[in-house]
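Everything below concerns the one structure shown next.
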Amino acid sequence: MKRLMALVFFGLAFYSGTAQLRLPAVISSHMVLQQQSSVRLWGWAGPSNQVVVTTSWDHKTDSVKTTRDACWQIFVKTPPAGGPYSIRIESGNRIELEDIMIGEVWVCSGQSNMEMNEQWGLPDAKAELPICANPNIRFFYVPKTTGKYPQDDCKGNWALCDSNSMKAFSAAGYFFGKKLNASLQVPIGLINANWGGTAAEVWAPSSLVLEDSILSAAAAKRTPADWWPNTAGYAYNGMIAPLTNFSIAGVIWYQGESNVGAANTYGQLFTGMIGAWRKAWNKEFPFYYVQIAPYKYGEKDQGARLQEAQAKCMQYPRVGMVVVTDLVNDTNDIHPKNKHEVGYRLANWALAENYHKEGVVYKSPVFKEMSVVKGKAIIQFEGLPSVLQIKGDKITELWIAGADHVFYPAEAKLEKDRLIGWSKMVKSPVALRYGFGNTAMGNLFSKEGLPVTPFRTDDW
């Protein structure tokens, strides 16, 4: 019996001291690490074991001891963009990570318009297949999964961009990464974490929603669907939380269609979610998003009100919004197929704001103020580097109203950077609306070709 107990004790001691070294899925060969940063490497091994990490770019060796809970993490400094490099990690067994690039890493998240890929029948994505192969663009695809609590790992693996991997990857994300790579000449890592049909609530930590009476009441009014999660926090727990130890440059986001019924709370929810993600990453990274496109929603103006809520979020720090009212061929289709221009417009925000590239036009003109002179409404804009232009014979989707709240089609003209509107039916204008409607696609642009952001001057 004593000999048996000794063998058992020895076996347990041996097992605890040689537990298999393991890494999360996102730490693997072919990954892209954020350049010129202190990036975290982490994983699991035997409790109180020594973990030794050697990086090939500086031939430096560091070590750390695992916790009693068998977890470890270590920070290593990355050089300027380049590669390929390798990392060796040892703790009993050895893991060799090969073909690692150093560059810029971005998360691509949201619902179906971010999820859409070549397999959805996108002509611009299909045209890329013969020419897309690029070892300096890498994809990590997070499978659709949920969690009741925040998870510390997910499935997935890093893959080089080629005609096979690109087929299943976000088209908007791919075109975003392609333009960054071409403009910056550095490796680009793209992490795909999206799920069609999902509301913003499921991408936010549950506490943000459930501990706020306004947001929880709005979430409770949502009608659950059978094809995607509806519970607050579930996509965040399964698809975002496992990534928050991984250093990134920023996030691009295309979502909002599933929240059109609660536009009055979307701003609070969306900016709260951005803040929560930044807190989880411990970084004030930029967050660039796409305003939802015109679509024939069931209730009057509900899409326009969500667009308005998204536009108001531009006041939040380090965010930027892409306007896509000109990229829609069919307002009966909630999934516009032109993701090439969407990705490029998102990239222009990053190139200008993050990477300080000069001469990049990236901001759509935004309503600034209205004044009334001799029965005419005069509109001034922000984010307008030169002058306005009309694509067509006359301005469309422009409406004007007096104190009676009755809107009439407005006549209009442009004076360089100002829009002037009037109507014989409205002697004393009080409000003007441009492009404010579910399916409205106005034809007012900056001279540089970006559409004017839909707006209204009233709050009726």
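Letters A, B, ... go to the chains of the structure tokens in the order shown; residues in each chain start at 1; ligands are counted from 1 in the same order.
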Members of stretch 210-364 of chain A assigned alpha helix (DSSP H) by DSSP, as a PyMOL selection string: chain A and resi 210+213-220+234-235+263-281+302-312+339-353
Polymer residues at most 9 Å from A:Leu129, only C-alpha atoms, same-chain spacing of 4 or more positions, as a list in words: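 The contact residues come out as Glu118, Ala125, Ala133, Asp162, Ser163, Asn164, Met166 and Lys167 of chain A.
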Write a file of the selected residues as a compact mmCIF listing (two decimals), in the first residue's frame, keeping C-alpha atoms.
```txt
# COMPACT_ATOMS: atom_id res chain seq x y z
CA GLU A 118 -17.19 36.40 -51.99
CA ALA A 125 -14.85 40.26 -54.33
CA ALA A 133 -2.73 36.35 -53.08
CA ASP A 162 -5.08 33.81 -51.14
CA SER A 163 -8.03 32.91 -53.34
CA ASN A 164 -9.13 30.20 -50.90
CA MET A 166 -10.25 35.34 -49.07
CA LYS A 167 -13.47 33.64 -50.24
```
All residues 10 Å or closer to A:Asn354, only C-alpha atoms, same chain fewer than 2 positions away omitted, as a PyMOL selection string: chain A and resi 249-250+285-286+318+347-352+356-357
Just-selected residues, N, CA and C atoms written as a PDB file, in the first residue's frame:
```pdb
ATOM      1  N   ALA A 249      -4.342  47.556 -33.600  1.00  0.00           N
ATOM      2  CA  ALA A 249      -4.271  48.976 -33.938  1.00  0.00           C
ATOM      3  C   ALA A 249      -5.627  49.638 -33.800  1.00  0.00           C
ATOM      4  N   GLY A 250      -6.697  48.896 -34.123  1.00  0.00           N
ATOM      5  CA  GLY A 250      -8.029  49.488 -34.052  1.00  0.00           C
ATOM      6  C   GLY A 250      -9.100  48.528 -34.538  1.00  0.00           C
ATOM      7  N   PHE A 285      -7.981  52.733 -28.708  1.00  0.00           N
ATOM      8  CA  PHE A 285      -7.784  52.548 -30.146  1.00  0.00           C
ATOM      9  C   PHE A 285      -8.889  53.237 -30.952  1.00  0.00           C
ATOM     10  N   PRO A 286      -8.625  53.561 -32.208  1.00  0.00           N
ATOM     11  CA  PRO A 286      -9.651  54.171 -33.062  1.00  0.00           C
ATOM     12  C   PRO A 286     -10.714  53.150 -33.437  1.00  0.00           C
ATOM     13  N   ARG A 318     -12.187  59.588 -30.903  1.00  0.00           N
ATOM     14  CA  ARG A 318     -11.457  58.683 -31.771  1.00  0.00           C
ATOM     15  C   ARG A 318     -12.352  57.715 -32.539  1.00  0.00           C
ATOM     16  N   ALA A 347     -10.593  52.532 -44.871  1.00  0.00           N
ATOM     17  CA  ALA A 347      -9.132  52.619 -44.875  1.00  0.00           C
ATOM     18  C   ALA A 347      -8.668  54.069 -44.918  1.00  0.00           C
ATOM     19  N   ASN A 348      -9.388  54.917 -45.648  1.00  0.00           N
ATOM     20  CA  ASN A 348      -8.994  56.322 -45.729  1.00  0.00           C
ATOM     21  C   ASN A 348      -9.061  57.006 -44.368  1.00  0.00           C
ATOM     22  N   TRP A 349     -10.055  56.639 -43.548  1.00  0.00           N
ATOM     23  CA  TRP A 349     -10.102  57.175 -42.179  1.00  0.00           C
ATOM     24  C   TRP A 349      -8.832  56.791 -41.424  1.00  0.00           C
ATOM     25  N   ALA A 350      -8.457  55.520 -41.513  1.00  0.00           N
ATOM     26  CA  ALA A 350      -7.266  55.052 -40.802  1.00  0.00           C
ATOM     27  C   ALA A 350      -6.006  55.706 -41.354  1.00  0.00           C
ATOM     28  N   LEU A 351      -5.901  55.805 -42.682  1.00  0.00           N
ATOM     29  CA  LEU A 351      -4.703  56.384 -43.288  1.00  0.00           C
ATOM     30  C   LEU A 351      -4.514  57.837 -42.864  1.00  0.00           C
ATOM     31  N   ALA A 352      -5.620  58.577 -42.791  1.00  0.00           N
ATOM     32  CA  ALA A 352      -5.526  59.986 -42.424  1.00  0.00           C
ATOM     33  C   ALA A 352      -5.332  60.180 -40.927  1.00  0.00           C
ATOM     34  N   HIS A 356      -1.468  59.296 -40.520  1.00  0.00           N
ATOM     35  CA  HIS A 356      -1.097  60.669 -40.852  1.00  0.00           C
ATOM     36  C   HIS A 356      -0.637  60.842 -42.299  1.00  0.00           C
ATOM     37  N   LYS A 357      -1.320  60.130 -43.200  1.00  0.00           N
ATOM     38  CA  LYS A 357      -1.059  60.303 -44.621  1.00  0.00           C
ATOM     39  C   LYS A 357      -1.696  61.618 -45.096  1.00  0.00           C
TER      40      LYS A 357
END
```
Those in stretch 218-306 of chain A with strand (DSSP E) from DSSP, as a VMD selection string: chain A and resid 250 to 254 287 to 290
If you keep C-alpha atoms, can you produce a file of those selected residues as a JSON list (two decimals), in the first residue's frame?
```json
[["chain", "number", "residue", "atom", "x", "y", "z"],
["A", 250, "GLY", "CA", -8.03, 49.49, -34.05],
["A", 251, "VAL", "CA", -11.51, 48.27, -35.07],
["A", 252, "ILE", "CA", -13.72, 48.64, -38.13],
["A", 253, "TRP", "CA", -17.44, 48.02, -37.66],
["A", 254, "TYR", "CA", -20.53, 47.66, -39.86],
["A", 287, "PHE", "CA", -13.04, 52.80, -34.00],
["A", 288, "TYR", "CA", -14.27, 53.41, -37.57],
["A", 289, "TYR", "CA", -17.77, 52.41, -38.57],
["A", 290, "VAL", "CA", -20.18, 52.41, -41.51]]
```
Considering only C-alpha atoms, return as a compact mmCIF listing (two decimals) with N, CA and C atoms, in the first residue's frame whatever protein or nucleic-acid residues lie within 9 Å of A:Pro24, sequence-local ones (same chain, fewer than 3 positions apart) excluded.
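result_0.txt, freshly written:
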```txt
# COMPACT_ATOMS: atom_id res chain seq x y z
N ILE A 27 -2.65 33.08 -30.93
CA ILE A 27 -1.19 33.08 -30.87
C ILE A 27 -0.72 31.83 -31.59
N SER A 28 -0.36 31.99 -32.85
CA SER A 28 0.00 30.82 -33.65
C SER A 28 0.90 31.23 -34.81
N TRP A 42 0.58 34.84 -24.16
CA TRP A 42 0.01 34.21 -22.98
C TRP A 42 -0.44 32.79 -23.30
N GLY A 43 -0.75 32.06 -22.24
CA GLY A 43 -1.21 30.70 -22.43
C GLY A 43 -1.31 29.97 -21.10
N TRP A 44 -1.10 28.65 -21.17
CA TRP A 44 -1.27 27.79 -20.01
C TRP A 44 -0.14 26.77 -19.95
N ASP A 152 -11.71 32.71 -22.54
CA ASP A 152 -10.30 33.06 -22.66
C ASP A 152 -9.66 32.51 -23.93
N ASP A 153 -10.43 31.79 -24.74
CA ASP A 153 -9.90 31.26 -25.99
C ASP A 153 -11.04 31.05 -26.97
N CYS A 154 -10.68 30.93 -28.24
CA CYS A 154 -11.67 30.67 -29.28
C CYS A 154 -11.04 29.74 -30.30
N LYS A 155 -11.82 29.25 -31.22
CA LYS A 155 -11.27 28.46 -32.32
C LYS A 155 -10.70 29.42 -33.37
N PRO A 242 -12.06 36.68 -26.07
CA PRO A 242 -10.83 35.89 -26.25
C PRO A 242 -9.72 36.65 -26.98
```
If you count only C-alpha atoms, which residues fall within 9 Å of A:Val39, apart from same-chain ones fewer than 5 positions away, as a tab-separated table (two decimals) with C-alpha atoms, in the first residue's frame?
```
chain	number	residue	atom	x	y	z
A	33	LEU	CA	1.83	41.14	-34.28
A	34	GLN	CA	1.34	44.87	-33.77
A	74	ILE	CA	4.65	37.84	-20.80
A	75	PHE	CA	5.17	41.06	-22.71
A	76	VAL	CA	7.67	41.31	-25.56
A	77	LYS	CA	8.64	44.38	-27.56
A	78	THR	CA	8.10	44.24	-31.29
A	245	ASN	CA	-5.17	40.23	-24.76
A	246	PHE	CA	-4.02	40.47	-28.39
A	247	SER	CA	-2.57	43.86	-29.32
```
Atom CA of A:Lys413 to atom CA of A:Leu327, distance in Å rounded to a single decimal: 24.1 Å
Contacts of A:Ile420 at 8 Å (only C-alpha atoms; same-chain gap of 4+ positions) as an MDAnalysis selection string: chainID A and resid 376:379 412:415
Any chance you can output those residues with C-alpha atoms as a short mmCIF file (atom, residue, chain, number, x, y, z; two decimals), in the first residue's frame?
```cif
data_model
loop_
_atom_site.label_atom_id
_atom_site.label_comp_id
_atom_site.auth_asym_id
_atom_site.auth_seq_id
_atom_site.Cartn_x
_atom_site.Cartn_y
_atom_site.Cartn_z
CA LYS A 376 -34.48 80.94 -47.31
CA ALA A 377 -32.70 78.32 -45.18
CA ILE A 378 -28.91 78.55 -45.37
CA ILE A 379 -27.02 75.39 -44.40
CA ALA A 412 -32.19 74.73 -53.73
CA LYS A 413 -28.94 76.10 -55.00
CA LEU A 414 -25.31 75.89 -53.98
CA GLU A 415 -23.04 78.75 -53.09
#
```
Nearby residues (only C-alpha atoms) at most 7 Å from stretch 223-237 of chain A, same-chain spacing under 3 positions excluded, as number ranges by chain: A: 145-151, 197-198, 201-206, 209, 240-241
Nearest residue to A:Met425 from the set A:Asp404, A:Leu444, A:Ala81, A:Gly46 (distances using only C-alpha atoms): A:Asp404
Separation of atom CA of A:Gln36 from atom CA of A:Pro79, in Å and rounded to one decimal: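 One can read the atom CA of A:Gln36 to atom CA of A:Pro79 distance as 4.9 Å.
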Given only C-alpha atoms as the counted atoms, nearest of A:Ser86, A:Ser37, A:Thr66, A:Thr265 to A:Asn49: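 That would be A:Thr66, the residue with the smallest distance to A:Asn49.
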Residue among A:Gln307, A:Ser371, A:Gln389, A:Thr325 lying closest to A:Gly442, counting only C-alpha atoms: A:Thr325
Pick from A:Lys374, A:Lys427, A:Lys416, A:Arg94 nearest to A:Ala401, counting only C-alpha atoms: A:Lys427
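If you look at atom CA of A:Pro336 and atom CA of A:Tyr295, they are 9.4 Å away from each other.
Distances here use only C-alpha atoms; by that measure, the residue among A:Tyr355, A:Tyr141, A:Phe381, A:Tyr297 closest to A:Leu243 is A:Tyr141.
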